[in-house]
$ cat data-v4.txt   # compact mmCIF, C-alpha atoms and all ligand atoms
# COMPACT_ATOMS: atom_id res chain seq x y z
CA MET L 1 102.73 82.27 92.77
CA SER L 2 99.72 81.96 95.08
CA VAL L 3 98.67 84.21 97.93
CA ARG L 4 97.42 82.75 101.19
CA ILE L 5 95.55 84.93 103.69
CA ASN L 6 95.50 83.54 107.22
CA ASN L 7 93.13 84.84 109.87
CA LEU L 8 93.49 88.43 108.66
CA THR L 9 91.95 91.18 110.77
CA ILE L 10 92.44 94.83 109.82
CA SER L 11 91.13 97.44 112.23
CA TYR L 12 90.81 101.20 112.34
CA ASP L 13 90.82 102.45 115.91
CA HIS L 14 90.04 98.91 117.20
CA ARG L 15 87.05 98.55 114.87
CA PRO L 16 87.64 95.69 112.47
CA ALA L 17 87.06 96.58 108.81
CA VAL L 18 88.12 93.06 107.79
CA HIS L 19 87.54 90.30 110.30
CA HIS L 20 89.19 86.86 110.57
CA LEU L 21 89.55 86.32 106.84
CA ASP L 22 91.07 83.12 105.41
CA MET L 23 91.48 82.54 101.71
CA LEU L 24 93.77 81.14 99.04
CA ILE L 25 94.23 83.02 95.78
CA ASN L 26 95.94 81.03 93.03
CA GLN L 27 98.13 82.48 90.31
CA GLY L 28 95.87 83.13 87.31
CA ASP L 29 92.66 83.57 89.31
CA TRP L 30 90.24 86.30 88.22
CA LEU L 31 88.61 87.08 91.54
CA ALA L 32 85.85 89.58 92.26
CA ILE L 33 85.49 91.09 95.72
CA VAL L 34 81.88 92.11 96.29
CA GLY L 35 79.92 93.32 99.30
CA PRO L 36 78.00 96.29 100.70
CA ASN L 37 79.48 99.76 101.21
CA GLY L 38 81.86 99.79 104.14
CA ALA L 39 82.33 96.00 103.91
CA GLY L 40 86.13 96.29 103.96
CA LYS L 41 86.73 95.69 100.24
CA SER L 42 89.11 98.62 99.69
CA THR L 43 90.78 97.95 103.03
CA LEU L 44 91.53 94.38 101.96
CA LEU L 45 92.88 95.55 98.60
CA ASN L 46 95.04 98.16 100.34
CA ALA L 47 96.52 95.43 102.54
CA LEU L 48 97.24 93.26 99.49
CA ALA L 49 98.82 96.28 97.78
CA GLY L 50 101.03 96.92 100.82
CA VAL L 51 99.43 100.34 101.44
CA VAL L 52 97.91 99.18 104.74
CA THR L 53 100.62 97.43 106.74
CA GLU L 54 99.08 97.21 110.21
CA TYR L 55 97.02 94.07 110.63
CA GLU L 56 96.71 90.84 112.57
CA GLY L 57 97.17 87.47 110.92
CA ASP L 58 99.29 87.15 107.82
CA ILE L 59 99.42 87.31 104.07
CA GLU L 60 101.82 84.77 102.54
CA GLY L 61 103.30 84.94 99.07
CA LEU L 62 102.83 88.63 98.48
CA TYR L 63 105.67 90.76 97.20
CA PRO L 64 105.00 94.49 96.70
CA GLU L 65 107.31 94.54 93.66
CA SER L 66 105.07 92.01 91.86
CA ILE L 67 101.85 93.97 92.28
CA ALA L 68 100.15 96.59 90.15
CA TYR L 69 97.41 98.50 91.95
CA LEU L 70 94.66 100.68 90.53
CA PRO L 71 93.07 102.56 93.45
CA GLN L 72 89.46 103.69 93.70
CA GLN L 73 89.11 106.94 91.69
CA SER L 74 87.79 108.73 94.76
CA GLN L 75 91.21 108.16 96.40
CA LEU L 76 92.91 110.19 93.65
CA ASP L 77 93.51 113.92 93.62
CA LYS L 78 92.47 114.87 90.10
CA SER L 79 93.59 118.47 90.58
CA PHE L 80 97.20 117.30 90.80
CA PRO L 81 98.94 118.95 87.83
CA ILE L 82 100.28 115.87 86.08
CA THR L 83 99.99 114.94 82.42
CA VAL L 84 98.68 111.62 81.14
CA TYR L 85 102.18 110.72 79.94
CA ASP L 86 103.77 111.44 83.32
CA LEU L 87 101.00 109.56 85.17
CA VAL L 88 101.53 106.49 82.99
CA SER L 89 105.33 106.68 83.28
CA THR L 90 105.10 106.57 87.09
CA GLY L 91 104.26 102.90 86.48
CA LEU L 92 107.97 102.50 85.71
CA TRP L 93 108.92 103.92 89.10
CA ASN L 94 110.68 100.66 90.11
CA GLU L 95 113.10 100.93 87.18
CA LEU L 96 113.37 104.71 87.10
CA GLY L 97 113.99 105.51 90.73
CA PHE L 98 115.13 109.09 90.99
CA SER L 99 116.71 109.23 87.56
CA ARG L 100 115.17 111.82 85.30
CA GLY L 101 113.72 111.06 81.92
CA LEU L 102 112.85 107.84 80.15
CA ASN L 103 115.12 106.02 77.75
CA ALA L 104 113.86 105.14 74.27
CA ASN L 105 112.68 101.70 75.34
CA GLN L 106 110.74 103.07 78.32
CA HIS L 107 109.26 105.82 76.16
CA ASN L 108 108.07 103.17 73.68
CA LYS L 109 106.47 101.20 76.50
CA CYS L 110 104.47 104.28 77.53
CA GLU L 111 103.41 104.96 73.97
CA GLU L 112 102.36 101.34 73.45
CA ALA L 113 100.35 101.33 76.68
CA LEU L 114 98.56 104.57 75.69
CA GLU L 115 97.83 103.11 72.28
CA ALA L 116 96.46 99.92 73.89
CA VAL L 117 93.97 101.88 76.00
CA GLY L 118 92.94 104.14 73.11
CA LEU L 119 94.64 107.29 74.42
CA HIS L 120 97.14 107.92 71.67
CA GLY L 121 97.49 111.70 71.31
CA PHE L 122 96.47 112.39 74.94
CA GLU L 123 100.08 112.43 76.23
CA ASN L 124 100.16 116.12 77.19
CA ARG L 125 96.64 116.42 78.61
CA LEU L 126 96.42 117.19 82.33
CA ILE L 127 94.55 114.44 84.18
CA GLY L 128 92.11 117.04 85.57
CA SER L 129 90.83 117.66 82.04
CA LEU L 130 89.91 114.02 81.38
CA SER L 131 86.50 112.36 81.59
CA SER L 132 86.21 109.53 84.15
CA GLY L 133 86.48 107.02 81.33
CA GLN L 134 89.66 108.61 79.97
CA LEU L 135 91.19 108.82 83.43
CA GLN L 136 90.42 105.16 83.99
CA ARG L 137 92.02 104.33 80.63
CA SER L 138 95.15 106.24 81.76
CA LEU L 139 95.26 104.27 85.00
CA PHE L 140 94.94 101.01 83.05
CA ALA L 141 97.86 102.14 80.85
CA ARG L 142 99.87 102.65 84.03
CA VAL L 143 99.00 99.10 85.17
CA LEU L 144 99.88 97.77 81.70
CA ILE L 145 103.44 99.10 81.77
CA GLN L 146 103.97 97.78 85.29
CA ASP L 147 103.50 94.33 83.75
CA GLN L 148 103.05 92.51 87.08
CA HIS L 149 101.94 89.06 88.20
CA ILE L 150 99.18 90.37 90.44
CA ILE L 151 96.79 93.14 89.41
CA LEU L 152 94.52 94.82 91.94
CA LEU L 153 91.62 96.93 90.65
CA ASP L 154 89.36 98.91 92.99
CA GLU L 155 85.99 99.66 91.34
CA PRO L 156 87.55 100.05 87.90
CA PHE L 157 84.18 100.55 86.19
CA ASN L 158 82.56 103.09 88.47
CA ALA L 159 81.12 106.06 86.56
CA ILE L 160 82.51 105.08 83.18
CA ASP L 161 80.81 104.72 79.81
CA THR L 162 79.93 101.38 78.20
CA LYS L 163 82.56 101.65 75.46
CA THR L 164 85.32 102.14 78.06
CA LEU L 165 83.97 99.22 80.09
CA ILE L 166 84.11 96.96 77.03
CA ASP L 167 87.61 98.11 76.03
CA LEU L 168 89.05 97.76 79.53
CA THR L 169 87.39 94.35 79.96
CA SER L 170 89.23 93.12 76.88
CA ILE L 171 92.50 94.24 78.52
CA ILE L 172 91.62 92.32 81.70
CA LYS L 173 90.78 89.25 79.58
CA LYS L 174 94.27 89.39 78.06
CA TRP L 175 95.83 89.56 81.53
CA HIS L 176 93.71 86.57 82.51
CA GLU L 177 94.78 84.61 79.41
CA ASN L 178 98.41 85.38 80.31
CA ASN L 179 97.90 83.80 83.74
CA ARG L 180 98.07 87.08 85.64
CA THR L 181 96.13 87.15 88.90
CA VAL L 182 93.37 89.76 88.72
CA ILE L 183 91.56 90.81 91.90
CA MET L 184 88.86 93.40 91.38
CA VAL L 185 86.38 95.14 93.63
CA THR L 186 83.07 95.89 91.97
CA HIS L 187 79.38 96.42 92.71
CA ASP L 188 78.28 95.08 89.35
CA LEU L 189 77.06 91.57 90.11
CA ASP L 190 75.94 90.96 86.50
CA TYR L 191 79.50 91.74 85.38
CA VAL L 192 80.92 89.36 87.98
CA ARG L 193 78.55 86.57 86.96
CA GLU L 194 79.50 87.02 83.32
CA HIS L 195 83.27 87.46 83.65
CA CYS L 196 84.81 86.56 87.01
CA PRO L 197 85.24 82.82 87.70
CA LYS L 198 85.73 83.32 91.45
CA SER L 199 84.25 85.65 94.04
CA LEU L 200 84.68 86.71 97.63
CA LEU L 201 81.51 88.05 99.25
CA LEU L 202 82.69 90.25 102.09
CA ALA L 203 80.79 91.95 104.90
CA ARG L 204 83.83 92.58 107.10
CA GLU L 205 83.89 88.82 107.55
CA CYS L 206 83.85 86.39 104.67
CA ILE L 207 80.27 85.44 103.80
CA ASP L 208 81.42 83.06 101.09
CA PHE L 209 84.39 82.48 98.83
CA GLY L 210 84.78 80.25 95.81
CA VAL L 211 83.18 79.69 92.41
CA THR L 212 81.10 82.79 91.56
CA LYS L 213 77.88 80.91 90.88
CA SER L 214 77.87 79.31 94.31
CA VAL L 215 78.92 82.52 96.11
CA LEU L 216 76.47 85.02 94.60
CA THR L 217 73.28 83.33 95.74
CA GLU L 218 70.24 85.25 97.01
CA LYS L 219 70.73 83.72 100.43
CA ASN L 220 74.36 84.85 100.69
CA LEU L 221 73.57 88.33 99.39
CA ARG L 222 70.73 88.69 101.93
CA HIS L 223 73.09 87.60 104.69
CA ALA L 224 75.69 90.19 103.60
CA ARG L 225 73.06 92.95 103.53
CA ALA L 226 71.77 92.00 106.98
CA LEU L 227 75.29 92.10 108.44
CA SER L 228 75.96 95.44 106.82
CA GLU L 229 72.78 96.90 108.29
CA ALA L 230 73.87 95.57 111.68
CA PHE L 231 77.27 97.27 111.46
CA ASP L 232 75.64 100.50 110.40
CA THR L 233 73.70 100.63 113.63
CA HIS L 234 76.04 98.97 116.17
CA ALA L 235 79.67 99.62 116.83
CA VAL L 236 81.50 96.39 116.03
CA TRP L 237 84.42 95.54 118.26
CA CYS L 238 86.87 92.79 117.61
CA ALA L 239 86.46 90.22 120.35
CA GLY L 240 89.47 88.28 119.06
P1 LIG L 301 84.42 99.32 101.10
O1 LIG L 301 85.56 99.54 100.16
O2 LIG L 301 83.93 97.91 101.15
O3 LIG L 301 83.28 100.27 100.88
P2 LIG L 301 86.30 100.27 103.13
O4 LIG L 301 87.37 99.26 103.16
O5 LIG L 301 86.59 101.55 102.41
O6 LIG L 301 84.95 99.60 102.60
O7 LIG L 301 85.90 100.67 104.61
C1 LIG L 301 85.59 99.68 105.59
C2 LIG L 301 85.32 100.37 106.93
O8 LIG L 301 86.52 100.96 107.41
C3 LIG L 301 84.31 101.50 106.83
O9 LIG L 301 83.55 101.51 108.03
C4 LIG L 301 85.16 102.73 106.74
O10 LIG L 301 84.50 103.86 107.26
C5 LIG L 301 86.36 102.36 107.59
N1 LIG L 301 87.60 102.99 107.11
C6 LIG L 301 88.13 102.90 105.87
N2 LIG L 301 89.28 103.58 105.77
C7 LIG L 301 89.48 104.16 107.00
C8 LIG L 301 90.49 105.01 107.55
N3 LIG L 301 91.53 105.40 106.83
N4 LIG L 301 90.35 105.37 108.85
C9 LIG L 301 89.29 104.97 109.60
N5 LIG L 301 88.31 104.18 109.14
C10 LIG L 301 88.39 103.77 107.85
MG MG L 302 85.85 100.83 98.55

$ encode --input "data-v4.txt" --output "structure tokens"
Amino acid sequence: MSVRINNLTISYDHRPAVHHLDMLINQGDWLAIVGPNGAGKSTLLNALAGVVTEYEGDIEGLYPESIAYLPQQSQLDKSFPITVYDLVSTGLWNELGFSRGLNANQHNKCEEALEAVGLHGFENRLIGSLSSGQLQRSLFARVLIQDQHIILLDEPFNAIDTKTLIDLTSIIKKWHENNRTVIMVTHDLDYVREHCPKSLLLARECIDFGVTKSVLTEKNLRHARALSEAFDTHAVWCAG
């Protein structure tokens, strides 16, 4: 199951946040999306997740029911009074619908996912009482029980401790070994060089896409920074 993006432009109020993007993502790819702040990384992920639906161009081979999405933590309302268990079980939304309560099998899946992320015993904690690392572990547990072909992670390692980073990386490695497609936004270029075979360097437009080593060159990174400084100071309008 591959995903092909054809001439994708996503705009807010006529200002393109992602501009004329073409790329092919193969099943089993572990792809990093990197680029300056405001480069359109979250916007692209939101379009892949089906959260943003207004765009020009098209995205082929994407089915919302085969995607698990971990949003940027800043997009979450941590004051929402939900327990870790209930947060994780919302990952079963597709099977649960409006029915109340989990059957034994679904309950076991939640418990196994919590165990896998090291949060056994945290079931009844409110998410507002968790550290960033624990909240991120909960969100990974939610992705785990969704058990999807395509996994989208928006800055999964922002503001978390090293131990959590190592533990969650081993979960991503298992997804990768099982031929899941993992697409992750991150600022950590050392992490990308070490772990992610492919990269997209984005500065609204694609600066480069392909094998990480050839994408994350000094020249490309300079180019991305220069473009980002330009769109900080000039309004960018899509000229088609
Ligand atoms: P990144 O994740 O790379 O930092 P974003 O995709 O969040 O970038 O944002 C890209 C651009 O789109 C930024 O200029 C941002 O201000 C703008 N933008 C993002 N979301 C919205 C929105 N909901 N409404 C208007 N503009 C937005
Ligand atoms: Mg973002």

$ residues_near_ligand --input "data-v4.txt" --ligand "ligand MG 302 (chain L)" --cutoff "10 Å" --atoms "all atoms listed in the file" --output "MDAnalysis selection string"
chainID L and resid 34:46 71:75 154:155 185:187

$ write_last_selection --input "data-v4.txt" --atoms "C-alpha atoms" --output "PDB file, in the coordinates of the input"
ATOM      1  CA  VAL L  34      81.880  92.110  96.290  1.00  0.00           C
ATOM      2  CA  GLY L  35      79.920  93.320  99.300  1.00  0.00           C
ATOM      3  CA  PRO L  36      78.000  96.290 100.700  1.00  0.00           C
ATOM      4  CA  ASN L  37      79.480  99.760 101.210  1.00  0.00           C
ATOM      5  CA  GLY L  38      81.860  99.790 104.140  1.00  0.00           C
ATOM      6  CA  ALA L  39      82.330  96.000 103.910  1.00  0.00           C
ATOM      7  CA  GLY L  40      86.130  96.290 103.960  1.00  0.00           C
ATOM      8  CA  LYS L  41      86.730  95.690 100.240  1.00  0.00           C
ATOM      9  CA  SER L  42      89.110  98.620  99.690  1.00  0.00           C
ATOM     10  CA  THR L  43      90.780  97.950 103.030  1.00  0.00           C
ATOM     11  CA  LEU L  44      91.530  94.380 101.960  1.00  0.00           C
ATOM     12  CA  LEU L  45      92.880  95.550  98.600  1.00  0.00           C
ATOM     13  CA  ASN L  46      95.040  98.160 100.340  1.00  0.00           C
ATOM     14  CA  PRO L  71      93.070 102.560  93.450  1.00  0.00           C
ATOM     15  CA  GLN L  72      89.460 103.690  93.700  1.00  0.00           C
ATOM     16  CA  GLN L  73      89.110 106.940  91.690  1.00  0.00           C
ATOM     17  CA  SER L  74      87.790 108.730  94.760  1.00  0.00           C
ATOM     18  CA  GLN L  75      91.210 108.160  96.400  1.00  0.00           C
ATOM     19  CA  ASP L 154      89.360  98.910  92.990  1.00  0.00           C
ATOM     20  CA  GLU L 155      85.990  99.660  91.340  1.00  0.00           C
ATOM     21  CA  VAL L 185      86.380  95.140  93.630  1.00  0.00           C
ATOM     22  CA  THR L 186      83.070  95.890  91.970  1.00  0.00           C
ATOM     23  CA  HIS L 187      79.380  96.420  92.710  1.00  0.00           C
TER      24      HIS L 187
END

$ residues_around --input "data-v4.txt" --residues "segment 194-196 of chain L" --least-positions-apart "5" --cutoff "9 Å" --atoms "all atoms listed in the file" --output "count of residues only"
9

$ closest_residue --input "data-v4.txt" --among "L:Met23, L:Ile33, L:His120, L:Leu201" --to "Lys219 of chain L" --atoms "all atoms listed in the file"
L:Leu201

$ atom_distance --input "data-v4.txt" --atom1 "atom CA of Thr9 of chain L" --atom2 "atom CA of Glu56 of chain L"
5.1 Å

$ closest_residue --input "data-v4.txt" --among "L:Val192, L:Ile166, L:Ile183, L:Leu70" --to "Ala141 of chain L" --atoms "only C-alpha atoms"
L:Leu70

$ closest_residue --input "data-v4.txt" --among "L:Arg204, L:Gly118, L:Glu229, L:Ser132" --to "Arg15 of chain L" --atoms "all atoms listed in the file"
L:Arg204

$ atom_distance --input "data-v4.txt" --atom1 "atom CA of Gly57 of chain L" --atom2 "atom CA of Glu205 of chain L"
13.8 Å

$ atom_distance --input "data-v4.txt" --atom1 "atom CA of Phe140 of chain L" --atom2 "atom CA of Arg193 of chain L"
22.2 Å

$ closest_residue --input "data-v4.txt" --among "L:Val52, L:Ile127, L:Met1, L:Leu152" --to "ligand LIG 301 (chain L)" --atoms "all atoms listed in the file"
L:Val52

$ residues_near_point --input "data-v4.txt" --point "(93.5, 91.2, 85.3)" --cutoff "8 Å" --atoms "only C-alpha atoms" --output "list in words"
Trp30, Ile150, Ile151, Leu152, Ile171, Ile172, Lys173, Lys174, Trp175, His176, Arg180, Thr181, Val182, Ile183 and Met184 of chain L

$ closest_residue --input "data-v4.txt" --among "L:Asn103, L:Gln148, L:Asn108, L:Ser11" --to "ligand LIG 301 (chain L)" --atoms "all atoms listed in the file"
L:Ser11
